>>> print(open('my_file.cif').read())   # mmCIF, C-alpha atoms
data_input
loop_
_atom_site.group_PDB
_atom_site.id
_atom_site.type_symbol
_atom_site.label_atom_id
_atom_site.label_comp_id
_atom_site.auth_asym_id
_atom_site.auth_seq_id
_atom_site.Cartn_x
_atom_site.Cartn_y
_atom_site.Cartn_z
ATOM 1 C CA MET A 250 0.000 0.000 0.000
ATOM 2 C CA SER A 251 1.210 3.505 -0.880
ATOM 3 C CA ALA A 252 3.125 5.468 1.720
ATOM 4 C CA TYR A 253 0.810 8.410 1.038
ATOM 5 C CA TYR A 254 -1.961 6.986 3.178
ATOM 6 C CA SER A 255 -2.716 4.549 5.998
ATOM 7 C CA LYS A 256 -5.736 2.379 6.529
ATOM 8 C CA ASN A 257 -7.858 2.499 9.610
ATOM 9 C CA ILE A 258 -10.493 -0.118 10.501
ATOM 10 C CA VAL A 259 -13.584 1.870 11.502
ATOM 11 C CA SER A 260 -16.373 -0.755 11.798
ATOM 12 C CA LYS A 261 -17.653 -4.182 10.881
ATOM 13 C CA VAL A 262 -21.155 -4.651 9.505
ATOM 14 C CA ALA A 263 -22.783 -8.110 9.215
ATOM 15 C CA GLY A 264 -19.425 -9.814 9.173
ATOM 16 C CA ARG A 265 -18.260 -7.926 6.116
ATOM 17 C CA PRO A 266 -14.769 -6.386 5.971
ATOM 18 C CA ALA A 267 -14.643 -2.942 7.459
ATOM 19 C CA PRO A 268 -14.461 -0.010 5.032
ATOM 20 C CA LEU A 269 -11.112 1.699 4.651
ATOM 21 C CA LYS A 270 -10.545 5.259 5.741
ATOM 22 C CA PHE A 271 -7.537 6.982 4.182
ATOM 23 C CA SER A 272 -5.728 9.795 5.916
ATOM 24 C CA GLY A 273 -2.679 11.877 5.119
ATOM 25 C CA VAL A 274 -3.490 12.098 1.394
ATOM 26 C CA PRO A 275 -1.946 15.287 -0.100
ATOM 27 C CA ARG A 276 -4.323 17.729 -1.799
ATOM 28 C CA GLY A 277 -4.533 16.984 -5.504
ATOM 29 C CA TYR A 278 -3.300 13.362 -5.100
ATOM 30 C CA LYS A 279 -5.584 10.828 -6.806
ATOM 31 C CA LEU A 280 -5.565 7.290 -5.414
ATOM 32 C CA PRO A 281 -4.450 4.685 -7.967
ATOM 33 C CA GLY A 282 -7.338 3.263 -9.964
ATOM 34 C CA THR A 283 -9.869 5.921 -8.950
ATOM 35 C CA PRO A 284 -11.655 7.985 -11.631
ATOM 36 C CA ASP A 285 -11.134 11.709 -12.059
ATOM 37 C CA PRO A 286 -13.740 13.783 -10.174
ATOM 38 C CA VAL A 287 -16.475 15.373 -12.289
ATOM 39 C CA ASP A 288 -18.956 18.171 -11.713
ATOM 40 C CA LYS A 289 -22.739 17.978 -12.227
ATOM 41 C CA ALA A 290 -22.286 18.584 -15.948
ATOM 42 C CA GLY A 291 -19.905 15.670 -16.227
ATOM 43 C CA THR A 292 -16.822 17.843 -16.726
ATOM 44 C CA VAL A 293 -13.606 16.549 -15.212
ATOM 45 C CA VAL A 294 -12.558 18.720 -12.264
ATOM 46 C CA SER A 295 -8.916 19.078 -11.297
ATOM 47 C CA ASN A 296 -7.526 20.030 -7.901
ATOM 48 C CA VAL A 297 -4.446 21.486 -9.564
ATOM 49 C CA ALA A 298 -4.457 25.306 -9.693
ATOM 50 C CA PRO A 299 -4.535 26.676 -13.263
ATOM 51 C CA THR A 300 -1.343 28.150 -14.675
ATOM 52 C CA VAL A 301 -1.493 31.935 -15.047
ATOM 53 C CA PRO A 302 0.170 33.033 -18.304
ATOM 54 C CA PRO A 303 2.871 35.700 -18.004
ATOM 55 C CA TRP A 304 1.842 39.318 -18.538
ATOM 56 C CA THR A 305 2.650 40.877 -21.936
ATOM 57 C CA PRO A 306 1.698 44.129 -23.706
ATOM 58 C CA ALA A 307 -1.132 42.136 -25.290
ATOM 59 C CA ASN A 308 -2.968 42.799 -22.007
ATOM 60 C CA ILE A 309 -3.193 46.574 -22.496
ATOM 61 C CA ALA A 310 -4.528 49.007 -25.097
ATOM 62 C CA LYS A 311 -1.749 50.302 -27.335
ATOM 63 C CA ILE A 312 -1.194 51.996 -30.696
ATOM 64 C CA PHE A 313 1.710 49.846 -31.840
ATOM 65 C CA TRP A 314 4.011 47.145 -30.527
ATOM 66 C CA PHE A 315 7.240 46.130 -32.254
ATOM 67 C CA ASP A 316 9.188 43.151 -30.945
ATOM 68 C CA SER A 317 12.414 42.107 -32.672
ATOM 69 C CA SER A 318 12.500 38.837 -30.707
ATOM 70 C CA ASP A 319 9.454 37.701 -32.697
ATOM 71 C CA LEU A 320 11.002 36.757 -36.037
ATOM 72 C CA SER A 321 7.560 36.161 -37.548
ATOM 73 C CA THR A 322 7.009 39.951 -37.481
ATOM 74 C CA ILE A 323 10.144 40.782 -39.471
ATOM 75 C CA THR A 324 10.376 40.771 -43.257
ATOM 76 C CA LYS A 325 13.996 40.745 -44.407
ATOM 77 C CA ASP A 326 16.188 39.627 -47.275
ATOM 78 C CA ALA A 327 19.096 37.160 -47.298
ATOM 79 C CA SER A 328 21.432 39.924 -46.106
ATOM 80 C CA ASN A 329 19.142 40.662 -43.111
ATOM 81 C CA PHE A 330 18.072 44.068 -44.422
ATOM 82 C CA VAL A 331 14.583 44.777 -43.077
ATOM 83 C CA SER A 332 11.713 45.957 -45.299
ATOM 84 C CA GLN A 333 8.925 45.545 -42.727
ATOM 85 C CA TRP A 334 8.559 45.228 -38.967
ATOM 86 C CA ALA A 335 4.991 44.123 -38.313
ATOM 87 C CA ASP A 336 2.912 45.701 -35.570
ATOM 88 C CA LYS A 337 1.831 43.145 -32.924
ATOM 89 C CA SER A 338 -0.887 45.406 -31.482
ATOM 90 C CA GLY A 339 -3.445 44.286 -34.050
ATOM 91 C CA ASN A 340 -3.840 47.855 -35.332
ATOM 92 C CA GLY A 341 -1.875 47.296 -38.514
ATOM 93 C CA ASN A 342 0.593 50.126 -37.889
ATOM 94 C CA HIS A 343 3.486 48.315 -39.541
ATOM 95 C CA ALA A 344 6.923 49.961 -39.871
ATOM 96 C CA THR A 345 8.248 49.713 -43.426
ATOM 97 C CA GLN A 346 11.131 50.708 -45.682
ATOM 98 C CA ALA A 347 10.952 50.421 -49.478
ATOM 99 C CA THR A 348 14.310 52.037 -50.332
ATOM 100 C CA SER A 349 17.029 49.374 -50.422
ATOM 101 C CA SER A 350 19.852 51.677 -49.307
ATOM 102 C CA SER A 351 17.817 52.834 -46.285
ATOM 103 C CA LYS A 352 16.847 49.469 -44.848
ATOM 104 C CA PRO A 353 18.056 48.793 -41.281
ATOM 105 C CA THR A 354 19.684 45.516 -40.277
ATOM 106 C CA TYR A 355 18.218 42.609 -38.308
ATOM 107 C CA THR A 356 20.613 40.830 -35.936
ATOM 108 C CA VAL A 357 19.464 37.626 -34.245
ATOM 109 C CA SER A 358 22.012 37.880 -31.398
ATOM 110 C CA ASP A 359 23.314 41.398 -30.840
ATOM 111 C CA SER A 360 26.174 41.543 -28.311
ATOM 112 C CA LEU A 361 25.253 45.178 -27.599
ATOM 113 C CA LEU A 362 21.730 44.137 -26.596
ATOM 114 C CA ASN A 363 22.615 41.354 -24.172
ATOM 115 C CA ASN A 364 22.926 38.868 -27.059
ATOM 116 C CA LYS A 365 19.281 39.330 -27.964
ATOM 117 C CA SER A 366 17.802 40.355 -31.314
ATOM 118 C CA SER A 367 17.785 43.903 -32.662
ATOM 119 C CA ILE A 368 16.942 46.217 -35.556
ATOM 120 C CA SER A 369 19.842 48.622 -36.056
ATOM 121 C CA SER A 370 21.673 51.202 -38.134
ATOM 122 C CA ALA A 371 25.459 51.492 -38.260
ATOM 123 C CA SER A 372 25.496 54.963 -39.837
ATOM 124 C CA GLN A 373 23.961 58.345 -39.116
ATOM 125 C CA ASN A 374 23.945 59.051 -42.853
ATOM 126 C CA GLY A 375 21.450 57.957 -45.496
ATOM 127 C CA GLN A 376 18.245 58.013 -43.423
ATOM 128 C CA ILE A 377 18.516 54.339 -42.497
ATOM 129 C CA GLY A 378 15.406 53.216 -40.644
ATOM 130 C CA LEU A 379 11.711 52.454 -40.891
ATOM 131 C CA ASP A 380 8.620 54.560 -41.603
ATOM 132 C CA LEU A 381 5.513 54.551 -39.407
ATOM 133 C CA PRO A 382 2.010 55.500 -40.566
ATOM 134 C CA SER A 383 0.232 58.398 -38.888
ATOM 135 C CA THR A 384 -0.686 57.597 -35.286
ATOM 136 C CA SER A 385 -1.600 59.589 -32.173
ATOM 137 C CA LEU A 386 0.979 58.991 -29.421
ATOM 138 C CA GLN A 387 1.656 60.422 -25.990
ATOM 139 C CA GLU A 388 3.933 57.785 -24.451
ATOM 140 C CA ILE A 389 6.634 55.562 -25.956
ATOM 141 C CA PHE A 390 8.664 52.748 -24.353
ATOM 142 C CA VAL A 391 11.859 51.671 -26.115
ATOM 143 C CA VAL A 392 14.650 49.191 -25.410
ATOM 144 C CA ALA A 393 17.697 50.577 -27.226
ATOM 145 C CA TYR A 394 21.443 51.245 -27.207
ATOM 146 C CA TYR A 395 23.686 53.944 -28.698
ATOM 147 C CA LYS A 396 26.836 52.970 -30.616
ATOM 148 C CA ASP A 397 29.025 50.651 -28.519
ATOM 149 C CA GLY A 398 27.337 51.616 -25.245
ATOM 150 C CA LEU A 399 30.445 53.458 -24.047
ATOM 151 C CA ASP A 400 30.316 56.848 -25.789
ATOM 152 C CA THR A 401 29.747 59.775 -23.432
ATOM 153 C CA THR A 402 28.748 62.341 -26.073
ATOM 154 C CA PHE A 403 26.524 62.239 -29.149
ATOM 155 C CA ASP A 404 28.327 62.492 -32.497
ATOM 156 C CA ASN A 405 25.485 64.544 -33.952
ATOM 157 C CA TYR A 406 21.827 65.343 -33.374
ATOM 158 C CA ASN A 407 21.158 61.620 -33.687
ATOM 159 C CA ALA A 408 17.434 60.888 -33.956
ATOM 160 C CA LEU A 409 15.955 57.767 -32.379
ATOM 161 C CA ILE A 410 12.432 58.730 -33.505
ATOM 162 C CA SER A 411 11.369 61.744 -35.562
ATOM 163 C CA GLY A 412 8.264 63.325 -37.062
ATOM 164 C CA PRO A 413 7.495 65.022 -40.394
ATOM 165 C CA GLY A 414 7.662 68.631 -39.186
ATOM 166 C CA ASN A 415 10.493 71.159 -39.340
ATOM 167 C CA VAL A 416 13.835 69.468 -38.465
ATOM 168 C CA GLY A 417 11.932 66.290 -37.631
ATOM 169 C CA GLN A 418 9.327 67.695 -35.246
ATOM 170 C CA TYR A 419 8.264 65.996 -32.957
ATOM 171 C CA ARG A 420 11.548 64.187 -32.439
ATOM 172 C CA ILE A 421 13.522 62.251 -29.831
ATOM 173 C CA MET A 422 17.200 62.891 -30.504
ATOM 174 C CA GLY A 423 20.594 63.347 -28.913
ATOM 175 C CA ASP A 424 22.240 66.726 -28.381
ATOM 176 C CA LYS A 425 25.430 66.985 -30.438
ATOM 177 C CA GLY A 426 28.610 66.944 -28.345
ATOM 178 C CA LYS A 427 26.689 66.333 -25.112
ATOM 179 C CA SER A 428 25.553 63.353 -23.055
ATOM 180 C CA ASN A 429 21.868 64.294 -22.949
ATOM 181 C CA TRP A 430 18.804 64.264 -25.189
ATOM 182 C CA TRP A 431 17.942 67.432 -27.092
ATOM 183 C CA SER A 432 15.582 69.186 -24.689
ATOM 184 C CA THR A 433 14.418 72.471 -26.181
ATOM 185 C CA THR A 434 12.454 72.896 -29.415
ATOM 186 C CA SER A 435 10.340 70.536 -31.526
ATOM 187 C CA ILE A 436 10.695 67.515 -29.227
ATOM 188 C CA PHE A 437 8.237 64.719 -28.499
ATOM 189 C CA ASN A 438 9.503 64.128 -24.967
ATOM 190 C CA ASP A 439 8.572 67.501 -23.464
ATOM 191 C CA GLY A 440 6.463 65.673 -20.863
ATOM 192 C CA GLY A 441 9.371 63.663 -19.478
ATOM 193 C CA THR A 442 12.307 61.398 -20.247
ATOM 194 C CA PHE A 443 12.867 58.382 -18.013
ATOM 195 C CA LYS A 444 15.592 55.735 -17.914
ATOM 196 C CA ASN A 445 15.410 52.173 -16.570
ATOM 197 C CA GLY A 446 12.156 52.584 -14.656
ATOM 198 C CA ALA A 447 13.023 55.865 -12.937
ATOM 199 C CA THR A 448 10.104 58.098 -11.949
ATOM 200 C CA THR A 449 12.046 61.373 -12.120
ATOM 201 C CA SER A 450 12.590 62.849 -15.571
ATOM 202 C CA ASN A 451 16.222 63.291 -16.591
ATOM 203 C CA PHE A 452 17.553 64.185 -20.046
ATOM 204 C CA ALA A 453 21.022 62.784 -19.266
ATOM 205 C CA VAL A 454 21.350 59.448 -21.072
ATOM 206 C CA LEU A 455 24.921 58.612 -22.177
ATOM 207 C CA PRO A 456 26.717 56.318 -21.953
ATOM 208 C CA MET A 457 23.895 54.144 -23.229
ATOM 209 C CA PRO A 458 24.388 50.384 -23.375
ATOM 210 C CA ALA A 459 21.174 48.349 -23.579
ATOM 211 C CA THR A 460 18.672 50.594 -21.791
ATOM 212 C CA LEU A 461 14.952 50.767 -21.022
ATOM 213 C CA LEU A 462 13.660 54.202 -22.069
ATOM 214 C CA ARG A 463 10.310 55.923 -21.577
ATOM 215 C CA PHE A 464 9.289 59.175 -23.231
ATOM 216 C CA THR A 465 6.128 61.188 -22.566
ATOM 217 C CA SER A 466 4.666 64.140 -24.418
ATOM 218 C CA SER A 467 2.731 67.033 -22.905
ATOM 219 C CA ALA A 468 -0.026 66.244 -25.420
ATOM 220 C CA ALA A 469 -0.885 63.455 -27.831
ATOM 221 C CA ARG A 470 0.981 63.968 -31.124
ATOM 222 C CA ASN A 471 -0.708 62.768 -34.300
ATOM 223 C CA GLU A 472 1.786 62.363 -37.150
ATOM 224 C CA THR A 473 3.817 59.974 -39.269
ATOM 225 C CA ARG A 474 7.237 59.026 -37.884
ATOM 226 C CA GLY A 475 10.643 57.648 -38.697
ATOM 227 C CA ILE A 476 12.357 55.054 -36.499
ATOM 228 C CA LEU A 477 16.179 55.282 -36.276
ATOM 229 C CA TYR A 478 16.456 58.357 -38.493
ATOM 230 C CA ASN A 479 15.525 62.012 -38.937
ATOM 231 C CA THR A 480 12.886 62.414 -41.636
ATOM 232 C CA LYS A 481 14.186 65.884 -42.540
ATOM 233 C CA SER A 482 17.959 65.471 -42.254
ATOM 234 C CA SER A 483 20.016 62.877 -44.126
ATOM 235 C CA ASP A 484 22.928 62.983 -41.661
ATOM 236 C CA ARG A 485 21.171 62.845 -38.279
ATOM 237 C CA GLY A 486 20.296 59.183 -37.995
ATOM 238 C CA TRP A 487 20.635 56.944 -34.950
ATOM 239 C CA VAL A 488 23.787 54.866 -34.596
ATOM 240 C CA GLY A 489 22.758 51.796 -32.658
ATOM 241 C CA GLY A 490 19.781 49.502 -32.327
ATOM 242 C CA VAL A 491 16.399 48.820 -30.769
ATOM 243 C CA GLY A 492 14.893 45.615 -29.450
ATOM 244 C CA GLU A 493 11.277 46.530 -28.669
ATOM 245 C CA ILE A 494 9.030 49.586 -28.987
ATOM 246 C CA ILE A 495 5.574 50.119 -27.465
ATOM 247 C CA GLY A 496 3.517 53.206 -28.251
ATOM 248 C CA LEU A 497 0.469 54.397 -26.255
ATOM 249 C CA SER A 498 -2.140 57.019 -27.114
ATOM 250 C CA ALA A 499 -2.164 58.412 -23.552
ATOM 251 C CA ILE A 500 0.127 58.349 -20.528
ATOM 252 C CA SER A 501 -0.273 55.004 -18.786
ATOM 253 C CA LEU A 502 -1.556 54.395 -15.277
ATOM 254 C CA THR A 503 1.172 53.672 -12.734
ATOM 255 C CA SER A 504 0.209 49.996 -12.531
ATOM 256 C CA ASP A 505 0.366 49.551 -16.315
ATOM 257 C CA ARG A 506 3.590 51.522 -16.606
ATOM 258 C CA GLN A 507 5.286 49.338 -14.023
ATOM 259 C CA LYS A 508 4.071 46.189 -15.772
ATOM 260 C CA ILE A 509 5.450 47.381 -19.106
ATOM 261 C CA GLU A 510 8.765 48.296 -17.478
ATOM 262 C CA GLY A 511 8.937 44.972 -15.633
ATOM 263 C CA TYR A 512 8.075 43.009 -18.758
ATOM 264 C CA LEU A 513 10.718 44.788 -20.862
ATOM 265 C CA ALA A 514 13.409 44.785 -18.170
ATOM 266 C CA HIS A 515 13.182 41.051 -17.458
ATOM 267 C CA LYS A 516 12.830 40.118 -21.114
ATOM 268 C CA TRP A 517 15.888 42.097 -22.268
ATOM 269 C CA GLY A 518 18.170 41.367 -19.313
ATOM 270 C CA LEU A 519 17.794 44.802 -17.705
ATOM 271 C CA ALA A 520 16.051 43.969 -14.417
ATOM 272 C CA ALA A 521 19.167 44.813 -12.402
ATOM 273 C CA ASN A 522 18.853 48.409 -13.637
ATOM 274 C CA LEU A 523 15.352 48.939 -12.223
ATOM 275 C CA PRO A 524 15.094 51.031 -9.027
ATOM 276 C CA SER A 525 15.186 49.005 -5.813
ATOM 277 C CA GLY A 526 11.584 49.882 -4.986
ATOM 278 C CA HIS A 527 10.149 48.984 -8.384
ATOM 279 C CA ALA A 528 7.136 46.629 -8.211
ATOM 280 C CA TYR A 529 8.798 44.195 -10.641
ATOM 281 C CA LYS A 530 12.421 44.489 -9.623
ATOM 282 C CA THR A 531 12.743 40.816 -8.688
ATOM 283 C CA LYS A 532 10.177 39.157 -10.936
ATOM 284 C CA ALA A 533 8.374 39.804 -14.186
ATOM 285 C CA PRO A 534 4.671 40.770 -14.044
#
>>> encode(input="my_file.cif", output="structure tokens")
Amino acid sequence: MSAYYSKNIVSKVAGRPAPLKFSGVPRGYKLPGTPDPVDKAGTVVSNVAPTVPPWTPANIAKIFWFDSSDLSTITKDASNFVSQWADKSGNGNHATQATSSSKPTYTVSDSLLNNKSSISSASQNGQIGLDLPSTSLQEIFVVAYYKDGLDTTFDNYNALISGPGNVGQYRIMGDKGKSNWWSTTSIFNDGGTFKNGATTSNFAVLPMPATLLRFTSSAARNETRGILYNTKSSDRGWVGGVGEIIGLSAISLTSDRQKIEGYLAHKWGLAANLPSGHAYKTKAP
């Protein structure tokens, strides 16, 4: 008899063997040879708690979601030049590039992004990057790096994301010769610039190895955009790569923001960079 239970003689009726009473049986353990329990409808009932799937951006409303770790969303040629990065939000806001000389590069294991996948540009010249259709955005989360992750000043006014207006308005770009983002005119991130889950805005960003970035605008901006390049300047492109981008139409609630940050940080090997008091410092949402 199994060590999981013991038998106890409780009575004898009309000379028949006494029924067995089993004790010490762990919850969820089914005695050998016994049928699975069923409810009134005849459906098998399990004592095992259901598995809760991990949280992802699929659980929130968003405008677009680009994930380089999902190869099924990337259209590329044999040389890994990318012509389309499909939007996972379900909104069809795909990022595309039709010009061969301007296509960014897909890397399956990028040493500058913790050996994870990336979409990148190695030159600030030639407007290398992807085009986004017109969308209304107020908050953007990006996992990215600049150059080799060691530079302490920007080579130029390098644009991570730009718009169609004058000099790329509304843009997110570095400040030439400095370690911070451009912070004055025609910027998207006039509502705040946050690094690795910080709650205090700070335009200082370099050096920038693989980093979790969050940008907020003082108002929703409805426009087309370029990823990794300046739509109005041929020599102000980003030098580096991105792993994932999530765009929202409004500034997220604290609970959603922390979930997005926790999801991105743990996925891209950046959890150690989150503040000590972050809700998802030690585990993903």
>>> closest_residue(input="my_file.cif", among="A:Gly490, A:Gly526, A:Pro456, A:Pro413", to="Lys427 (chain A)", atoms="all atoms listed in the file")
A:Pro456
>>> resolve_selection(input="my_file.cif", expression="the PyMOL selection byres ((chain A and resi 475-480) around 9)", output="PyMOL selection string")
chain A and resi 344+353+369-370+373-381+407-414+416-417+420+422+473-474+481-491
>>> closest_residue(input="my_file.cif", among="A:Leu519, A:Val331, A:Ala468, A:Ile323", to="Lys444 (chain A)", atoms="all atoms listed in the file")
A:Leu519
>>> atom_distance(input="my_file.cif", atom1="CA of Thr322 (chain A)", atom2="CA of Ser385 (chain A)")
22.1 Å
>>> atom_distance(input="my_file.cif", atom1="CA of Asn438 (chain A)", atom2="CA of Ser332 (chain A)")
27.4 Å
>>> closest_residue(input="my_file.cif", among="A:Met457, A:Leu502, A:Ile509, A:Ala521", to="Asn308 (chain A)", atoms="only C-alpha atoms")
A:Ile509
>>> atom_distance(input="my_file.cif", atom1="CA of Phe330 (chain A)", atom2="CA of Asp400 (chain A)")
25.7 Å
>>> closest_residue(input="my_file.cif", among="A:Val357, A:Ala393, A:Leu523, A:Ile495", to="Ala307 (chain A)", atoms="all atoms listed in the file")
A:Ile495
>>> resolve_selection(input="my_file.cif", expression="the PyMOL selection byres ((chain A and resi 524) around 8)", output="JSON, numbers by chain")
{"A": [445, 446, 447, 522, 523, 525, 526, 527, 530]}
